[in-house]
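Below is one structure, written out as C-alpha cells, with a few remarks after it.
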Amino acid sequence: MIHVIEDDFSVRDALQHLFTELGASSCTYSDAESFLNFLKQVTAKDCVLVDLHLPGISGVEVIKYLRELSDPPHIVAITGKSLAEINKAFTGIKRPPIVRKPLKEECLLREMDLGTALNSA
Amino acid sequence: MLVSTARLHSVLKTAVDGIIVIDDSGTVLVFNDACVHLFGYERDEVIGKNVSILMSEDDAKSHDAHIKRYLDTGEKRIIGQGREVSGCHKDGSPIPIELSVGEADTSEGHQFIGIIRDLRARKAFEQRVRDLQSNLVVMTRVNALDEMGAAIAHEINQPLTAVMLYLQTAARRMKTLEEQDPQLLSIMTRAVDEADRASKIIQRMRSFVEKQEPQKVGVNLASLIDECVELVMLGHKNDNINVISNFSDHDYNLTVDAIQVQQILVNLIRNACEAIKDCKKQEVYVDVDIAATDVFIKVTDTGPGLCEEVREQLFKAFTGTKRRGLGVGLAISRSIAQNHGGDLFVEPYVKGKGATFVLRLPLGLDGADGQSNLASASMI
Ligand SMILES: Nc1ncnc2c1ncn2[C@@H]1O[C@H](COP(=O)(O)OP(=O)(O)OP(=O)(O)O)[C@@H](O)[C@H]1O
Ligand SMILES: [Mg+2]
C-alpha cells in the first residue's frame with residue numbers, strides 16, 4: 001500500500017492515478033493529522049510519500065512518527081521547498097530520499113521502493 | 001559706548017550662527033560662542049591669528065590674496081552674497097558651512113564680518129534621504145526579481161507536478177490499450193516533453209535564487225525598524241499618516257539578513273499606509289514581541305482590516321487589488337520570511353479593527369540572540 005500525504009488536491013489526485021495505473025493500491029490524505037489516525041495500520045511493506053510542507057503537523061514530524069514504529073515503512077519525502085529550507089527542516093534528523101517538485105515519474109519511482117508496494121497490492 | 005559694547009557682546013553670545021570679524025590683513029578680531037562650538041577652537045586660540053586656520057588647505061592658501069585683490073580692485077567675489085564653502089575643524093575634519101560676508105569701515109580700519117551657518121545637519125539629512133531612496137529602489141527592484149522568481153516557482157510547481165504526472169500516467173495507460181494509436185501516443189509524449197521543459201525553467205529559476213542565501217549578521221532591531229518607517233514615510237510626506245514604532249530597546253540585536261527583513265517590513269508598512277488612506281484615523285503601529293525561540297514583529301493599522309475571503313488569497317502572487325501594485329509584495333515577503341526559517345501571517349479578522357500582519361523570525365543559532373533557548377528546545 002502506498003500512502004500519499006499531500007495538501008494540494010491535483011498533485012494528490014495525479015499521484016493516485018499514476019499508482020492505480022501501475023497496479024499499486026494507494027491511499028491519500030490531505031494532511032498529517034488524518035494520516036496519523038491510520039498510523040497503526042502502516043507496515044514495513046508500505047511506502048509513505050509525504051509532502052514536507054503541510055498545514056498543521058509538518059511532514060518532518062510525520063517522518064519522526066513513522067520511524068518510531070516497530071515496523072517502519074519505506075519513506076519518501078516530496079517537496080517544493082528550497083534547499084535551504086530542506087536543510088533547515090532536517091537539521092539533526094536523518095533524511096529520507098527526497099524528490100523535489102515538479103515531480104517526474106522517473107525520479108519518483110526511482111526513490112520509491114515500488115517492488116514491495118506492488119507486491120502488497 | 002559702554003552700553004553698545006555690552007549689547008554687542010550679548011548679540012555675539014546668543015547668536016545661533018557663527019560670527020567672525022577680521023581686519024584687512026585677515027587677523028581675527030571677534031570669534032563668538034557659536035564659532036567655538038562649530039570649529040572646536042577656544043576663543044583665545046583664534047583671536048589674533050589669521051582666519052585661514054579655519055579654512056580648508058586650498059582656501060587658506062589663497063585667502064590673503066583674495067583680500068588684497070578686493071582691497072586693490074574692489075572686485076567682489078563673496079561679499080554681499082552667501083556661499084557654501086568648507087570650513088576646517090580643529091581636528092582637521094571639513095565642516096560644510098554657508099558663509100556670508102559683509103564689510104565695514106570702522107575707526108580701527110576696514111573690517112570684514114563673516115556670518116557662518118552650520119550645514120552639517122542639513123548635509124547629513126540630504127545624504128540620508130539619498131541613501132534611503134536608493135536603498136528603496138534596490139530593495140524593491142533587484143531583490144524583488146529573485147524573490148518573485150522563487151514565489152512563482154513555488155506556485156507553479158504544484159500544478160506543473162500534477163500536469164506531468166497526469167500526462168505520464170495517460171501515456172502509460174495508452175500503451176496498455178489493445179487498440180494502439182501511435183499518433184496520439186506521440187502527441188502525449190511531446191506534451192510530456194513540454195511540461196518537462198517548463199519544469200526545467202522552474203528548476204533553473206530556483207537554483208538561481210538558491211545561490212543567494214540570506215546573509216545573516218547581527219543588526220540592531222530598533223534601528224532597523226526605524227529605518228523602514230522612515231523609508232515608507234518618504235513616500236507619504238504630505239499625508240496625515242502617523243507611523244509609530246513602539247519598540248525602542250536599542251540594545252537588542254538580532255541575527256538576520258537586514259536587507260531582506262527590511263524589504264518585508266517596508267512592504268508591510270507601505271501596505272498599511274495605503275490601506276488607511278481614506279480612514280478617519282490614520283495610524284500604523286509597529287510592535288515587537290520577543291518570545292523564547294522567536295521574535296514577532298507586528299504591523300497593525302487602523303484601516304478596514306482583511307476579511308476571511310481576502311485573507312485566503314493574500315499571500316498568492318498577483319492577487320493584489322491595487323491598480324499600481326504588482327500584487328506580489330506579500331507573496332515575496334512570505335517567501336523571504338520562510339527562507340529565513342520564519343513565517344509571515346495575518347491575524348484573524350476583528351470587525352471594526354484594522355489589519356495586523358505578523359512577521360516571525362527565529363532567534364539566531366550562533367548565540368548572538370538566544371542560543372540557549374534553541375539548544376534546550378532541540379533537546380526535548
Ligand atoms: N494592511 C492591509 N489592509 C488591507 N488590505 C491589505 C493590507 N495589506 C495588503 N492588503 C491587500 O492585499 C493585497 C496584496 O498585497 P501585496 O503587498 O501582495 O500587493 P500590492 O500591495 O497590491 O502590490 P505590490 O506588489 O506593489 O506590493 C493588496 O492589494 C491589498 O488589497
Ligand atoms: Mg504591497
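Residues in the C-alpha cells are named by chain (A, B, ... in the order shown) and by number from 1 within that chain; ligands are numbered from 1 in the order shown.
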Give me the residues near region 153-159 of chain B as a PyMOL selection string, where near means some atom within 8 Å (using only C-alpha atoms) and where sequence neighbours in that chain fewer than 2 positions away do not count. (chain A and resi 8+10-11+80-81+101-102) or (chain B and resi 149-151+161-163+199+202-203+205-206+316)
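Residue neighbourhood of Leu108 (chain A), excluding near-sequence residues (fewer than 4 positions): Leu15, Leu18, Phe19, Cys47, Leu49, Val50, Ile75, Val76, Ala77, Ile78, Thr79, Pro97, Ile98, Val99, Arg100, Lys101, Pro102, Leu103, Lys104, Met112, Asp113 and Leu114 of chain A; Thr161, Met164 and Leu165 of chain B, at 12 Å, using only C-alpha atoms.
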Take the residues from that selection and write them out as a CSV table (one decimal), in the first residue's frame, keeping C-alpha atoms.
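File produced: out_0.csv:
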```csv
chain,number,residue,atom,x,y,z
A,15,LEU,CA,-0.3,10.6,-7.9
A,18,LEU,CA,-0.3,7.0,-11.5
A,19,PHE,CA,-0.2,4.4,-8.8
A,47,CYS,CA,5.6,3.1,1.2
A,49,LEU,CA,5.0,9.5,0.3
A,50,VAL,CA,4.9,12.7,2.3
A,75,ILE,CA,9.6,6.8,3.4
A,76,VAL,CA,10.0,9.2,0.5
A,77,ALA,CA,9.7,13.0,1.0
A,78,ILE,CA,8.4,15.2,-1.7
A,79,THR,CA,8.8,19.0,-1.5
A,97,PRO,CA,15.1,10.1,0.0
A,98,ILE,CA,13.8,13.5,-1.2
A,99,VAL,CA,12.2,14.2,-4.5
A,100,ARG,CA,11.7,17.8,-5.4
A,101,LYS,CA,8.8,19.3,-7.2
A,102,PRO,CA,7.9,19.5,-10.0
A,103,LEU,CA,7.8,15.7,-9.7
A,104,LYS,CA,8.6,13.5,-12.6
A,112,MET,CA,10.1,4.6,-4.1
A,113,ASP,CA,10.7,1.0,-3.2
A,114,LEU,CA,7.9,0.0,-5.5
B,161,THR,CA,3.7,18.4,-11.0
B,164,MET,CA,3.4,15.9,-15.6
B,165,LEU,CA,2.0,13.1,-13.6
```
DSSP-assigned alpha helix (DSSP H) members of region 177-314 of chain B, reported as a PyMOL selection string: chain B and resi 182-210+221-234+258-275+308-313
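Distance-wise, CA of Asn253 (chain B) and CA of Val219 (chain B) end up 5.3 Å apart.
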Can you pull out every residue within 12 Å of Arg77 (chain B), counting only C-alpha atoms, but drop anything in the same chain fewer than 4 positions away, and send it as a list in words? His63, His66, Ile67, Arg69, Tyr70, Leu71, Thr73, Gln81, Gly82, Arg83, Ser100, Val101 and Gly102 of chain B
Restrict the selected residues to N, CA and C atoms and save them as a PDB file, in the first residue's frame.
```
ATOM      1  N   HIS B  63      43.596  82.885   0.579  1.00  0.00           N
ATOM      2  CA  HIS B  63      42.709  83.853   1.202  1.00  0.00           C
ATOM      3  C   HIS B  63      43.304  85.252   1.308  1.00  0.00           C
ATOM      4  N   HIS B  66      43.079  86.961  -1.872  1.00  0.00           N
ATOM      5  CA  HIS B  66      41.718  87.398  -2.179  1.00  0.00           C
ATOM      6  C   HIS B  66      41.429  88.740  -1.527  1.00  0.00           C
ATOM      7  N   ILE B  67      41.786  88.864  -0.253  1.00  0.00           N
ATOM      8  CA  ILE B  67      41.519  90.118   0.456  1.00  0.00           C
ATOM      9  C   ILE B  67      42.260  91.259  -0.227  1.00  0.00           C
ATOM     10  N   ARG B  69      43.319  91.459  -3.300  1.00  0.00           N
ATOM     11  CA  ARG B  69      42.768  91.800  -4.601  1.00  0.00           C
ATOM     12  C   ARG B  69      41.518  92.646  -4.437  1.00  0.00           C
ATOM     13  N   TYR B  70      40.696  92.282  -3.449  1.00  0.00           N
ATOM     14  CA  TYR B  70      39.479  93.058  -3.245  1.00  0.00           C
ATOM     15  C   TYR B  70      39.798  94.485  -2.837  1.00  0.00           C
ATOM     16  N   LEU B  71      40.753  94.616  -1.923  1.00  0.00           N
ATOM     17  CA  LEU B  71      41.092  95.969  -1.459  1.00  0.00           C
ATOM     18  C   LEU B  71      41.681  96.794  -2.592  1.00  0.00           C
ATOM     19  N   THR B  73      41.240  96.244  -6.059  1.00  0.00           N
ATOM     20  CA  THR B  73      40.407  96.411  -7.248  1.00  0.00           C
ATOM     21  C   THR B  73      38.944  96.677  -6.937  1.00  0.00           C
ATOM     22  N   GLN B  81      26.968  88.198  -0.777  1.00  0.00           N
ATOM     23  CA  GLN B  81      26.185  87.025  -1.175  1.00  0.00           C
ATOM     24  C   GLN B  81      26.661  85.803  -0.392  1.00  0.00           C
ATOM     25  N   GLY B  82      25.749  84.960  -0.048  1.00  0.00           N
ATOM     26  CA  GLY B  82      26.112  83.757   0.700  1.00  0.00           C
ATOM     27  C   GLY B  82      26.704  82.725  -0.232  1.00  0.00           C
ATOM     28  N   ARG B  83      27.524  81.863   0.332  1.00  0.00           N
ATOM     29  CA  ARG B  83      28.098  80.811  -0.490  1.00  0.00           C
ATOM     30  C   ARG B  83      28.382  79.590   0.377  1.00  0.00           C
ATOM     31  N   SER B 100      28.325  84.069   4.684  1.00  0.00           N
ATOM     32  CA  SER B 100      28.041  85.359   4.043  1.00  0.00           C
ATOM     33  C   SER B 100      28.970  86.398   4.659  1.00  0.00           C
ATOM     34  N   VAL B 101      29.475  87.260   3.806  1.00  0.00           N
ATOM     35  CA  VAL B 101      30.478  88.219   4.277  1.00  0.00           C
ATOM     36  C   VAL B 101      29.982  89.641   4.035  1.00  0.00           C
ATOM     37  N   GLY B 102      30.131  90.458   5.089  1.00  0.00           N
ATOM     38  CA  GLY B 102      29.834  91.872   4.927  1.00  0.00           C
ATOM     39  C   GLY B 102      31.081  92.663   5.272  1.00  0.00           C
TER      40      GLY B 102
END
```
Out of chain A, which residues get strand (DSSP E) from DSSP, as a compact mmCIF listing (two decimals) with C-alpha atoms, in the first residue's frame?
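This went into result21.txt:
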```txt
# COMPACT_ATOMS: atom_id res chain seq x y z
CA ILE A 2 1.25 3.48 -0.86
CA HIS A 3 0.20 6.29 1.47
CA VAL A 4 0.25 9.74 -0.06
CA ILE A 5 0.15 12.75 2.26
CA SER A 26 -2.82 3.84 -2.71
CA CYS A 27 -4.49 5.86 -0.04
CA THR A 28 -4.38 9.67 0.01
CA TYR A 29 -4.55 12.14 2.88
CA CYS A 47 5.56 3.07 1.19
CA VAL A 48 4.76 6.53 2.57
CA LEU A 49 5.03 9.52 0.27
CA VAL A 50 4.91 12.66 2.34
CA ASP A 51 4.96 16.32 1.36
CA HIS A 74 9.80 2.97 3.29
CA ILE A 75 9.56 6.77 3.36
CA VAL A 76 9.99 9.23 0.50
CA ALA A 77 9.66 12.96 1.05
CA ILE A 78 8.38 15.24 -1.71
CA THR A 79 8.79 18.98 -1.55
CA ILE A 98 13.75 13.46 -1.17
CA VAL A 99 12.16 14.18 -4.55
CA ARG A 100 11.74 17.83 -5.40
```
Could you list, as a count of residues only, all residues that come within 6 Å of ligand 2? Count only C-alpha atoms and all ligand atoms. 3
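Going from CA of Ala331 (chain B) over to CA of Phe315 (chain B), you cover 4.5 Å.
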Could you give me, as a PDB file with C-alpha atoms, in the first residue's frame, the residues within 10 Å of Glu227 (chain B), counting only C-alpha atoms and dropping anything in the same chain fewer than 4 positions from it?
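part12.pdb was written with the following content:
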```
ATOM      1  CA  LEU B 132      17.248  55.748   1.768  1.00  0.00           C
ATOM      2  CA  LEU B 221      16.318  45.682  15.598  1.00  0.00           C
ATOM      3  CA  ALA B 222      15.063  49.055  16.804  1.00  0.00           C
ATOM      4  CA  SER B 223      17.136  50.994  14.251  1.00  0.00           C
ATOM      5  CA  LEU B 231      11.709  54.828   4.180  1.00  0.00           C
ATOM      6  CA  VAL B 232       7.976  54.451   3.838  1.00  0.00           C
ATOM      7  CA  MET B 233       7.319  57.947   5.165  1.00  0.00           C
ATOM      8  CA  GLN B 262      13.679  45.431   5.755  1.00  0.00           C
ATOM      9  CA  LEU B 265       8.755  45.386   6.820  1.00  0.00           C
ATOM     10  CA  VAL B 266       8.777  48.127   4.206  1.00  0.00           C
TER      11      VAL B 266
END
```
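For the set B:His340, B:Arg130, B:Arg190, B:Lys280, the residue with the smallest atom-to-atom gap to chain A is B:His340, counting only C-alpha atoms.
The smallest atom-to-atom distance between ligand 1 and any of B:Arg128, B:Arg334, B:Arg360, B:Lys200, using only C-alpha atoms and all ligand atoms, is found for B:Arg334.
Using only C-alpha atoms, the protein and nucleic acid residues lying no more than 8 Å from Leu12 (chain B), apart from those fewer than 4 places from it along its own chain, are Leu8, Ile19, Asn32 and Asp33 of chain B.
Nearest to Arg95 (chain A) of all the residues A:Lys45, A:Lys64, A:Arg12, A:His53 is A:Lys64, based on only C-alpha atoms.
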